[in-house]
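Listing of protein.cif, mmCIF, N, CA and C atoms
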```cif
data_input
loop_
_atom_site.label_atom_id
_atom_site.label_comp_id
_atom_site.auth_asym_id
_atom_site.auth_seq_id
_atom_site.Cartn_x
_atom_site.Cartn_y
_atom_site.Cartn_z
N MET A 279 -38.63 47.53 -15.07
CA MET A 279 -38.14 46.18 -14.89
C MET A 279 -38.99 45.46 -13.85
N ARG A 280 -39.30 44.23 -14.14
CA ARG A 280 -40.14 43.42 -13.26
C ARG A 280 -39.37 42.99 -12.01
N GLU A 281 -40.02 43.04 -10.87
CA GLU A 281 -39.39 42.62 -9.62
C GLU A 281 -39.53 41.10 -9.48
N LEU A 282 -38.45 40.45 -9.08
CA LEU A 282 -38.49 39.01 -8.90
C LEU A 282 -39.24 38.65 -7.63
N LYS A 283 -40.08 37.66 -7.70
CA LYS A 283 -40.86 37.21 -6.56
C LYS A 283 -40.16 36.11 -5.78
N ARG A 284 -39.16 35.52 -6.38
CA ARG A 284 -38.44 34.43 -5.73
C ARG A 284 -36.95 34.58 -6.01
N PRO A 285 -36.11 33.95 -5.21
CA PRO A 285 -34.67 34.09 -5.45
C PRO A 285 -34.27 33.47 -6.78
N LEU A 286 -33.29 34.07 -7.40
CA LEU A 286 -32.73 33.54 -8.64
C LEU A 286 -31.65 32.54 -8.27
N ARG A 287 -31.72 31.34 -8.82
CA ARG A 287 -30.76 30.30 -8.49
C ARG A 287 -30.08 29.80 -9.75
N PHE A 288 -28.80 29.57 -9.63
CA PHE A 288 -28.03 28.96 -10.70
C PHE A 288 -27.52 27.63 -10.20
N TYR A 289 -27.59 26.65 -11.04
CA TYR A 289 -27.02 25.34 -10.72
C TYR A 289 -25.70 25.23 -11.46
N ARG A 290 -24.79 24.42 -10.92
CA ARG A 290 -23.46 24.34 -11.49
C ARG A 290 -23.47 23.98 -12.97
N PHE A 291 -24.33 23.06 -13.38
CA PHE A 291 -24.31 22.67 -14.78
C PHE A 291 -24.76 23.80 -15.69
N ASP A 292 -25.48 24.79 -15.16
CA ASP A 292 -25.85 25.97 -15.95
C ASP A 292 -24.64 26.85 -16.22
N MET A 293 -23.65 26.79 -15.36
CA MET A 293 -22.51 27.70 -15.40
C MET A 293 -21.20 27.01 -15.79
N MET A 294 -21.24 25.75 -16.14
CA MET A 294 -20.01 25.00 -16.40
C MET A 294 -19.09 25.70 -17.40
N ASP A 295 -19.62 26.04 -18.56
CA ASP A 295 -18.78 26.65 -19.59
C ASP A 295 -18.20 27.98 -19.12
N PHE A 296 -19.00 28.77 -18.40
CA PHE A 296 -18.53 30.06 -17.90
C PHE A 296 -17.39 29.87 -16.89
N ILE A 297 -17.56 28.94 -15.96
CA ILE A 297 -16.53 28.70 -14.94
C ILE A 297 -15.25 28.18 -15.59
N ILE A 298 -15.38 27.26 -16.51
CA ILE A 298 -14.21 26.73 -17.22
C ILE A 298 -13.50 27.84 -17.97
N GLN A 299 -14.25 28.71 -18.63
CA GLN A 299 -13.64 29.82 -19.36
C GLN A 299 -12.90 30.77 -18.41
N MET A 300 -13.49 31.05 -17.25
CA MET A 300 -12.83 31.91 -16.26
C MET A 300 -11.49 31.29 -15.85
N LEU A 301 -11.48 30.00 -15.53
CA LEU A 301 -10.25 29.33 -15.14
C LEU A 301 -9.25 29.30 -16.29
N ASN A 302 -9.73 29.02 -17.51
CA ASN A 302 -8.84 29.03 -18.68
C ASN A 302 -8.23 30.40 -18.92
N ASP A 303 -8.95 31.46 -18.54
CA ASP A 303 -8.46 32.83 -18.70
C ASP A 303 -7.53 33.25 -17.56
N GLY A 304 -7.26 32.32 -16.63
CA GLY A 304 -6.33 32.61 -15.54
C GLY A 304 -6.95 33.27 -14.33
N LYS A 305 -8.27 33.26 -14.22
CA LYS A 305 -8.96 33.90 -13.11
C LYS A 305 -9.33 32.88 -12.04
N SER A 306 -9.29 33.30 -10.79
CA SER A 306 -9.72 32.46 -9.67
C SER A 306 -11.24 32.43 -9.61
N VAL A 307 -11.76 31.36 -9.04
CA VAL A 307 -13.21 31.19 -8.92
C VAL A 307 -13.51 30.69 -7.51
N GLN A 308 -14.62 31.17 -6.93
CA GLN A 308 -15.11 30.64 -5.67
C GLN A 308 -16.36 29.83 -5.94
N SER A 309 -16.53 28.76 -5.19
CA SER A 309 -17.72 27.93 -5.33
C SER A 309 -18.03 27.30 -3.98
N ASN A 310 -19.21 26.75 -3.85
CA ASN A 310 -19.59 26.04 -2.64
C ASN A 310 -19.48 24.54 -2.88
N VAL A 311 -19.07 23.83 -1.85
CA VAL A 311 -18.99 22.38 -1.90
C VAL A 311 -20.39 21.81 -1.76
N ARG A 312 -20.69 20.78 -2.53
CA ARG A 312 -21.96 20.06 -2.39
C ARG A 312 -21.63 18.59 -2.20
N GLY A 313 -22.20 17.99 -1.18
CA GLY A 313 -21.96 16.59 -0.92
C GLY A 313 -21.01 16.37 0.24
N ASN A 314 -20.75 15.10 0.52
CA ASN A 314 -19.94 14.76 1.69
C ASN A 314 -18.67 13.99 1.34
N SER A 315 -18.30 13.90 0.09
CA SER A 315 -17.16 13.06 -0.30
C SER A 315 -15.82 13.57 0.22
N MET A 316 -15.72 14.84 0.61
CA MET A 316 -14.45 15.38 1.11
C MET A 316 -14.44 15.60 2.62
N GLU A 317 -15.47 15.12 3.33
CA GLU A 317 -15.46 15.24 4.79
C GLU A 317 -14.35 14.40 5.37
N PRO A 318 -13.65 14.83 6.40
CA PRO A 318 -13.86 16.03 7.22
C PRO A 318 -13.09 17.26 6.72
N THR A 319 -12.43 17.17 5.58
CA THR A 319 -11.66 18.32 5.08
C THR A 319 -12.58 19.45 4.67
N ALA A 320 -13.63 19.13 3.93
CA ALA A 320 -14.61 20.13 3.47
C ALA A 320 -16.00 19.53 3.61
N TYR A 321 -16.91 20.34 4.14
CA TYR A 321 -18.29 19.90 4.36
C TYR A 321 -19.22 20.57 3.36
N ASP A 322 -20.38 19.95 3.18
CA ASP A 322 -21.42 20.52 2.31
C ASP A 322 -21.67 21.97 2.71
N GLY A 323 -21.59 22.86 1.76
CA GLY A 323 -21.81 24.28 2.02
C GLY A 323 -20.55 25.10 2.23
N ASP A 324 -19.43 24.45 2.53
CA ASP A 324 -18.17 25.19 2.67
C ASP A 324 -17.83 25.85 1.33
N ARG A 325 -17.18 26.97 1.39
CA ARG A 325 -16.76 27.68 0.18
C ARG A 325 -15.31 27.33 -0.11
N ILE A 326 -15.00 27.17 -1.40
CA ILE A 326 -13.62 26.88 -1.79
C ILE A 326 -13.15 27.93 -2.78
N LEU A 327 -11.85 28.22 -2.72
CA LEU A 327 -11.21 29.10 -3.69
C LEU A 327 -10.44 28.21 -4.65
N ILE A 328 -10.73 28.37 -5.94
CA ILE A 328 -10.12 27.54 -6.99
C ILE A 328 -9.19 28.41 -7.81
N GLN A 329 -7.94 28.00 -7.91
CA GLN A 329 -6.95 28.68 -8.75
C GLN A 329 -6.79 27.89 -10.04
N PRO A 330 -6.62 28.59 -11.16
CA PRO A 330 -6.42 27.88 -12.42
C PRO A 330 -5.08 27.15 -12.44
N ILE A 331 -4.99 26.15 -13.28
CA ILE A 331 -3.73 25.41 -13.46
C ILE A 331 -2.97 26.07 -14.60
N ASN A 332 -1.76 26.48 -14.32
CA ASN A 332 -0.92 27.07 -15.36
C ASN A 332 -0.10 26.01 -16.08
N ASN A 333 0.21 24.95 -15.35
CA ASN A 333 1.07 23.90 -15.89
C ASN A 333 0.77 22.62 -15.12
N TYR A 334 0.50 21.55 -15.82
CA TYR A 334 0.19 20.29 -15.15
C TYR A 334 1.37 19.75 -14.35
N ASP A 335 2.58 20.25 -14.61
CA ASP A 335 3.74 19.85 -13.82
C ASP A 335 3.63 20.31 -12.37
N GLU A 336 2.76 21.29 -12.10
CA GLU A 336 2.61 21.79 -10.73
C GLU A 336 1.69 20.91 -9.88
N LEU A 337 1.06 19.89 -10.46
CA LEU A 337 0.22 18.98 -9.69
C LEU A 337 1.08 18.15 -8.74
N LYS A 338 0.56 17.98 -7.51
CA LYS A 338 1.28 17.21 -6.50
C LYS A 338 0.32 16.28 -5.77
N VAL A 339 0.83 15.13 -5.38
CA VAL A 339 0.04 14.21 -4.56
C VAL A 339 -0.37 14.95 -3.29
N GLY A 340 -1.63 14.81 -2.92
CA GLY A 340 -2.15 15.46 -1.72
C GLY A 340 -2.96 16.71 -2.02
N GLN A 341 -2.77 17.30 -3.20
CA GLN A 341 -3.54 18.50 -3.55
C GLN A 341 -5.01 18.13 -3.79
N ILE A 342 -5.87 19.10 -3.51
CA ILE A 342 -7.29 18.96 -3.83
C ILE A 342 -7.50 19.67 -5.16
N VAL A 343 -8.11 18.96 -6.11
CA VAL A 343 -8.30 19.51 -7.45
C VAL A 343 -9.78 19.50 -7.84
N VAL A 344 -10.08 20.31 -8.84
CA VAL A 344 -11.43 20.42 -9.38
C VAL A 344 -11.42 19.75 -10.75
N ILE A 345 -12.27 18.76 -10.92
CA ILE A 345 -12.31 17.92 -12.11
C ILE A 345 -13.69 18.04 -12.76
N VAL A 346 -13.72 18.14 -14.07
CA VAL A 346 -15.00 18.12 -14.79
C VAL A 346 -15.49 16.68 -14.82
N SER A 347 -16.76 16.48 -14.47
CA SER A 347 -17.33 15.14 -14.48
C SER A 347 -17.38 14.60 -15.91
N GLU A 348 -17.50 13.28 -16.03
CA GLU A 348 -17.55 12.66 -17.36
C GLU A 348 -18.71 13.16 -18.19
N ASP A 349 -19.85 13.47 -17.55
CA ASP A 349 -21.01 13.95 -18.30
C ASP A 349 -21.00 15.46 -18.51
N HIS A 350 -19.96 16.13 -18.02
CA HIS A 350 -19.77 17.58 -18.20
C HIS A 350 -20.91 18.40 -17.58
N ARG A 351 -21.54 17.87 -16.51
CA ARG A 351 -22.66 18.57 -15.87
C ARG A 351 -22.31 19.15 -14.51
N HIS A 352 -21.16 18.74 -13.95
CA HIS A 352 -20.76 19.26 -12.65
C HIS A 352 -19.26 19.07 -12.46
N PHE A 353 -18.77 19.62 -11.36
CA PHE A 353 -17.37 19.45 -10.99
C PHE A 353 -17.27 18.45 -9.85
N VAL A 354 -16.16 17.75 -9.81
CA VAL A 354 -15.83 16.86 -8.70
C VAL A 354 -14.62 17.47 -8.00
N VAL A 355 -14.70 17.58 -6.69
CA VAL A 355 -13.60 18.14 -5.91
C VAL A 355 -13.05 17.00 -5.05
N HIS A 356 -11.87 16.49 -5.46
CA HIS A 356 -11.25 15.36 -4.76
C HIS A 356 -9.75 15.57 -4.64
N ARG A 357 -9.12 14.70 -3.89
CA ARG A 357 -7.69 14.80 -3.61
C ARG A 357 -6.90 13.90 -4.58
N ILE A 358 -5.72 14.39 -4.98
CA ILE A 358 -4.82 13.58 -5.81
C ILE A 358 -4.13 12.56 -4.91
N LYS A 359 -4.27 11.30 -5.25
CA LYS A 359 -3.62 10.22 -4.50
C LYS A 359 -2.39 9.69 -5.23
N GLU A 360 -2.38 9.85 -6.57
CA GLU A 360 -1.29 9.30 -7.37
C GLU A 360 -1.25 10.08 -8.69
N ILE A 361 -0.06 10.27 -9.22
CA ILE A 361 0.12 10.95 -10.51
C ILE A 361 0.87 10.02 -11.45
N GLU A 362 0.31 9.82 -12.63
CA GLU A 362 0.96 9.04 -13.69
C GLU A 362 1.33 10.01 -14.82
N ALA A 363 2.49 10.64 -14.70
CA ALA A 363 2.89 11.69 -15.64
C ALA A 363 2.99 11.19 -17.07
N THR A 364 3.49 9.97 -17.26
CA THR A 364 3.65 9.47 -18.64
C THR A 364 2.30 9.22 -19.30
N ASP A 365 1.30 8.80 -18.50
CA ASP A 365 -0.06 8.58 -19.03
C ASP A 365 -0.91 9.84 -18.98
N ARG A 366 -0.38 10.90 -18.32
CA ARG A 366 -1.11 12.15 -18.13
C ARG A 366 -2.45 11.91 -17.43
N THR A 367 -2.38 11.14 -16.33
CA THR A 367 -3.57 10.87 -15.52
C THR A 367 -3.22 11.01 -14.05
N ILE A 368 -4.26 11.19 -13.26
CA ILE A 368 -4.11 11.14 -11.80
C ILE A 368 -5.11 10.13 -11.28
N TYR A 369 -4.82 9.62 -10.09
CA TYR A 369 -5.81 8.84 -9.36
C TYR A 369 -6.37 9.77 -8.31
N GLU A 370 -7.68 10.04 -8.38
CA GLU A 370 -8.33 10.96 -7.45
C GLU A 370 -9.25 10.18 -6.54
N GLN A 371 -9.42 10.71 -5.32
CA GLN A 371 -10.30 10.05 -4.36
C GLN A 371 -10.78 11.07 -3.35
N GLY A 372 -12.04 11.00 -3.00
CA GLY A 372 -12.57 11.84 -1.94
C GLY A 372 -12.05 11.38 -0.59
N ASP A 373 -11.88 12.30 0.34
CA ASP A 373 -11.36 11.95 1.67
C ASP A 373 -12.32 11.03 2.43
N ASN A 374 -13.59 11.02 2.05
CA ASN A 374 -14.60 10.22 2.72
C ASN A 374 -15.00 9.02 1.86
N ARG A 375 -14.13 8.61 0.95
CA ARG A 375 -14.42 7.50 0.04
C ARG A 375 -13.34 6.43 0.15
N GLU A 376 -13.72 5.19 -0.10
CA GLU A 376 -12.77 4.09 -0.04
C GLU A 376 -12.07 3.86 -1.37
N THR A 377 -12.67 4.30 -2.46
CA THR A 377 -12.07 4.13 -3.78
C THR A 377 -12.19 5.43 -4.55
N GLY A 378 -11.40 5.52 -5.61
CA GLY A 378 -11.43 6.69 -6.48
C GLY A 378 -11.40 6.23 -7.92
N SER A 379 -10.84 7.08 -8.79
CA SER A 379 -10.77 6.74 -10.20
C SER A 379 -9.61 7.48 -10.85
N TYR A 380 -9.21 6.98 -11.99
CA TYR A 380 -8.19 7.65 -12.79
C TYR A 380 -8.88 8.63 -13.72
N VAL A 381 -8.32 9.84 -13.81
CA VAL A 381 -8.85 10.86 -14.73
C VAL A 381 -7.68 11.49 -15.48
N SER A 382 -7.95 11.94 -16.69
CA SER A 382 -6.91 12.56 -17.50
C SER A 382 -6.64 13.98 -17.02
N PHE A 383 -5.43 14.44 -17.26
CA PHE A 383 -5.06 15.82 -16.92
C PHE A 383 -6.05 16.82 -17.50
N GLU A 384 -6.54 16.57 -18.71
CA GLU A 384 -7.40 17.53 -19.40
C GLU A 384 -8.71 17.79 -18.66
N ARG A 385 -9.15 16.85 -17.82
CA ARG A 385 -10.38 17.06 -17.05
C ARG A 385 -10.14 17.86 -15.78
N ILE A 386 -8.88 18.07 -15.40
CA ILE A 386 -8.56 18.84 -14.19
C ILE A 386 -8.56 20.32 -14.57
N LYS A 387 -9.41 21.10 -13.92
CA LYS A 387 -9.58 22.50 -14.29
C LYS A 387 -9.03 23.48 -13.27
N GLY A 388 -8.74 23.02 -12.05
CA GLY A 388 -8.24 23.95 -11.06
C GLY A 388 -7.73 23.24 -9.82
N ILE A 389 -7.07 24.02 -8.97
CA ILE A 389 -6.53 23.54 -7.71
C ILE A 389 -7.20 24.31 -6.58
N VAL A 390 -7.69 23.61 -5.58
CA VAL A 390 -8.31 24.25 -4.43
C VAL A 390 -7.20 24.76 -3.52
N THR A 391 -7.18 26.07 -3.31
CA THR A 391 -6.12 26.68 -2.49
C THR A 391 -6.61 27.13 -1.13
N GLU A 392 -7.94 27.16 -0.95
CA GLU A 392 -8.47 27.60 0.35
C GLU A 392 -9.85 27.01 0.54
N ILE A 393 -10.13 26.59 1.78
CA ILE A 393 -11.46 26.12 2.16
C ILE A 393 -11.95 27.04 3.26
N ILE A 394 -13.09 27.68 3.02
CA ILE A 394 -13.65 28.64 3.97
C ILE A 394 -14.84 27.98 4.65
N LYS A 395 -14.70 27.70 5.93
CA LYS A 395 -15.74 26.98 6.69
C LYS A 395 -16.85 27.92 7.09
#
```
Take the structure in the file and write it out as structure tokens.
Amino acid sequence: MRELKRPLRFYRFDMMDFIIQMLNDGKSVQSNVRGNSMEPTAYDGDRILIQPINNYDELKVGQIVVIVSEDHRHFVVHRIKEIEATDRTIYEQGDNRETGSYVSFERIKGIVTEIIK
């Protein structure tokens, strides 16, 4: 077997389907935060523990959730500010952002249960 000369790196969009399948199978996933949209709660490089969603009824205002981006190339980790159960949407917003957006329940893939600094 050939020895690698450089570190092997995976980018999130390379692993999207695998991570989604793990969560759909009921398994927890760890990932690193990228960006500053959740500062001061989570900083770039912090590790998060993501638990799968068993039932959308368990979503609560204030929870940090993992959402598939519209282009399906990365995850967005933001806080639930509002829940519209009849429309099956949430209003999500980063802690370091002035505005957020509405997303459908189907794009929410997990709940952040731990932030490891």
Among listed residues A:Phe353, A:Val339, A:Glu370, A:Ala363, nearest Met293 in chain A (using only C-alpha atoms):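 Using only C-alpha atoms, Met293 in chain A sits closest to A:Phe353.
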Interatomic distance (Å, one decimal) between CA of Lys305 in chain A and atom C of Ile358 in chain A: 23.4 Å
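Across the model, the gap from atom N of Ile386 in chain A to atom C of Leu301 in chain A is 11.3 Å.
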Near-Val381 in chain A list (9 Å; only C-alpha atoms; drop same-chain fewer than 5 positions) as a ChimeraX atom specification: /A:345,366-370,386
Export of prior selection with N, CA and C atoms as a compact mmCIF listing (two decimals), in the frame of the given file:
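Written out: selection-v2.txt:
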```txt
# COMPACT_ATOMS: atom_id res chain seq x y z
N ILE A 345 -12.27 18.76 -10.92
CA ILE A 345 -12.31 17.92 -12.11
C ILE A 345 -13.69 18.04 -12.76
N ARG A 366 -0.38 10.90 -18.32
CA ARG A 366 -1.11 12.15 -18.13
C ARG A 366 -2.45 11.91 -17.43
N THR A 367 -2.38 11.14 -16.33
CA THR A 367 -3.57 10.87 -15.52
C THR A 367 -3.22 11.01 -14.05
N ILE A 368 -4.26 11.19 -13.26
CA ILE A 368 -4.11 11.14 -11.80
C ILE A 368 -5.11 10.13 -11.28
N TYR A 369 -4.82 9.62 -10.09
CA TYR A 369 -5.81 8.84 -9.36
C TYR A 369 -6.37 9.77 -8.31
N GLU A 370 -7.68 10.04 -8.38
CA GLU A 370 -8.33 10.96 -7.45
C GLU A 370 -9.25 10.18 -6.54
N ILE A 386 -8.88 18.07 -15.40
CA ILE A 386 -8.56 18.84 -14.19
C ILE A 386 -8.56 20.32 -14.57
```
Set up a box along x, y and z of the file covering all listed atoms of range 303-309 of chain A, add 3 Å on every one of the six sides, and write the centre and edge lengths in Å to one decimal, as lines of an AutoDock Vina configuration file.
```
center_x = -12.2
center_y = 30.6
center_z = -11.3
size_x = 17.7
size_y = 12.6
size_z = 20.7
```
Atom pair CA of Gln341 in chain A / CA of Arg357 in chain A: separation (Å):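 Distance reported for this atom pair: 5.6 Å.
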Nearest-residue call for Lys387 in chain A, choices A:Glu336, A:Gln308, A:His352, A:Val346, using only N, CA and C atoms: A:Val346
Picked from chain A by DSSP as helix (DSSP H, G or I), as a PyMOL selection string: chain A and resi 290-302+334-336+383-385
Given the selection you just returned, output its residues as a file containing N, CA and C atoms, formatted as a JSON list (two decimals), in the frame of the given file.
```
[["chain", "number", "residue", "atom", "x", "y", "z"],
["A", 290, "ARG", "N", -24.79, 24.42, -10.92],
["A", 290, "ARG", "CA", -23.46, 24.34, -11.49],
["A", 290, "ARG", "C", -23.47, 23.98, -12.97],
["A", 291, "PHE", "N", -24.33, 23.06, -13.38],
["A", 291, "PHE", "CA", -24.31, 22.67, -14.78],
["A", 291, "PHE", "C", -24.76, 23.80, -15.69],
["A", 292, "ASP", "N", -25.48, 24.79, -15.16],
["A", 292, "ASP", "CA", -25.85, 25.97, -15.95],
["A", 292, "ASP", "C", -24.64, 26.85, -16.22],
["A", 293, "MET", "N", -23.65, 26.79, -15.36],
["A", 293, "MET", "CA", -22.51, 27.70, -15.40],
["A", 293, "MET", "C", -21.20, 27.01, -15.79],
["A", 294, "MET", "N", -21.24, 25.75, -16.14],
["A", 294, "MET", "CA", -20.01, 25.00, -16.40],
["A", 294, "MET", "C", -19.09, 25.70, -17.40],
["A", 295, "ASP", "N", -19.62, 26.04, -18.56],
["A", 295, "ASP", "CA", -18.78, 26.65, -19.59],
["A", 295, "ASP", "C", -18.20, 27.98, -19.12],
["A", 296, "PHE", "N", -19.00, 28.77, -18.40],
["A", 296, "PHE", "CA", -18.53, 30.06, -17.90],
["A", 296, "PHE", "C", -17.39, 29.87, -16.89],
["A", 297, "ILE", "N", -17.56, 28.94, -15.96],
["A", 297, "ILE", "CA", -16.53, 28.70, -14.94],
["A", 297, "ILE", "C", -15.25, 28.18, -15.59],
["A", 298, "ILE", "N", -15.38, 27.26, -16.51],
["A", 298, "ILE", "CA", -14.21, 26.73, -17.22],
["A", 298, "ILE", "C", -13.50, 27.84, -17.97],
["A", 299, "GLN", "N", -14.25, 28.71, -18.63],
["A", 299, "GLN", "CA", -13.64, 29.82, -19.36],
["A", 299, "GLN", "C", -12.90, 30.77, -18.41],
["A", 300, "MET", "N", -13.49, 31.05, -17.25],
["A", 300, "MET", "CA", -12.83, 31.91, -16.26],
["A", 300, "MET", "C", -11.49, 31.29, -15.85],
["A", 301, "LEU", "N", -11.48, 30.00, -15.53],
["A", 301, "LEU", "CA", -10.25, 29.33, -15.14],
["A", 301, "LEU", "C", -9.25, 29.30, -16.29],
["A", 302, "ASN", "N", -9.73, 29.02, -17.51],
["A", 302, "ASN", "CA", -8.84, 29.03, -18.68],
["A", 302, "ASN", "C", -8.23, 30.40, -18.92],
["A", 334, "TYR", "N", 0.50, 21.55, -15.82],
["A", 334, "TYR", "CA", 0.19, 20.29, -15.15],
["A", 334, "TYR", "C", 1.37, 19.75, -14.35],
["A", 335, "ASP", "N", 2.58, 20.25, -14.61],
["A", 335, "ASP", "CA", 3.74, 19.85, -13.82],
["A", 335, "ASP", "C", 3.63, 20.31, -12.37],
["A", 336, "GLU", "N", 2.76, 21.29, -12.10],
["A", 336, "GLU", "CA", 2.61, 21.79, -10.73],
["A", 336, "GLU", "C", 1.69, 20.91, -9.88],
["A", 383, "PHE", "N", -5.43, 14.44, -17.26],
["A", 383, "PHE", "CA", -5.06, 15.82, -16.92],
["A", 383, "PHE", "C", -6.05, 16.82, -17.50],
["A", 384, "GLU", "N", -6.54, 16.57, -18.71],
["A", 384, "GLU", "CA", -7.40, 17.53, -19.40],
["A", 384, "GLU", "C", -8.71, 17.79, -18.66],
["A", 385, "ARG", "N", -9.15, 16.85, -17.82],
["A", 385, "ARG", "CA", -10.38, 17.06, -17.05],
["A", 385, "ARG", "C", -10.14, 17.86, -15.78]]
```
Range 322-365 of chain A: residues DSSP assigns to strand (DSSP E), reported as a VMD selection string: chain A and resid 325 to 330 342 to 346 353 to 362
Test item: the PyMOL selection byres (((chain A and resi 320-333 and name CA) around 6) and name CA) resolved as a count of residues only: 26
Which of A:Lys338, A:Glu384, A:Met294, A:Ser315 sits closest to Lys359 in chain A [using only N, CA and C atoms]: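 Going through A:Lys338, A:Glu384, A:Met294, A:Ser315 one by one, the smallest distance to Lys359 in chain A is for A:Lys338.
Considering the residues A:Arg385, A:Gln299, A:Asp292, A:Ser379 and counting only C-alpha atoms, Glu360 in chain A has its shortest atom-to-atom contact with A:Ser379.
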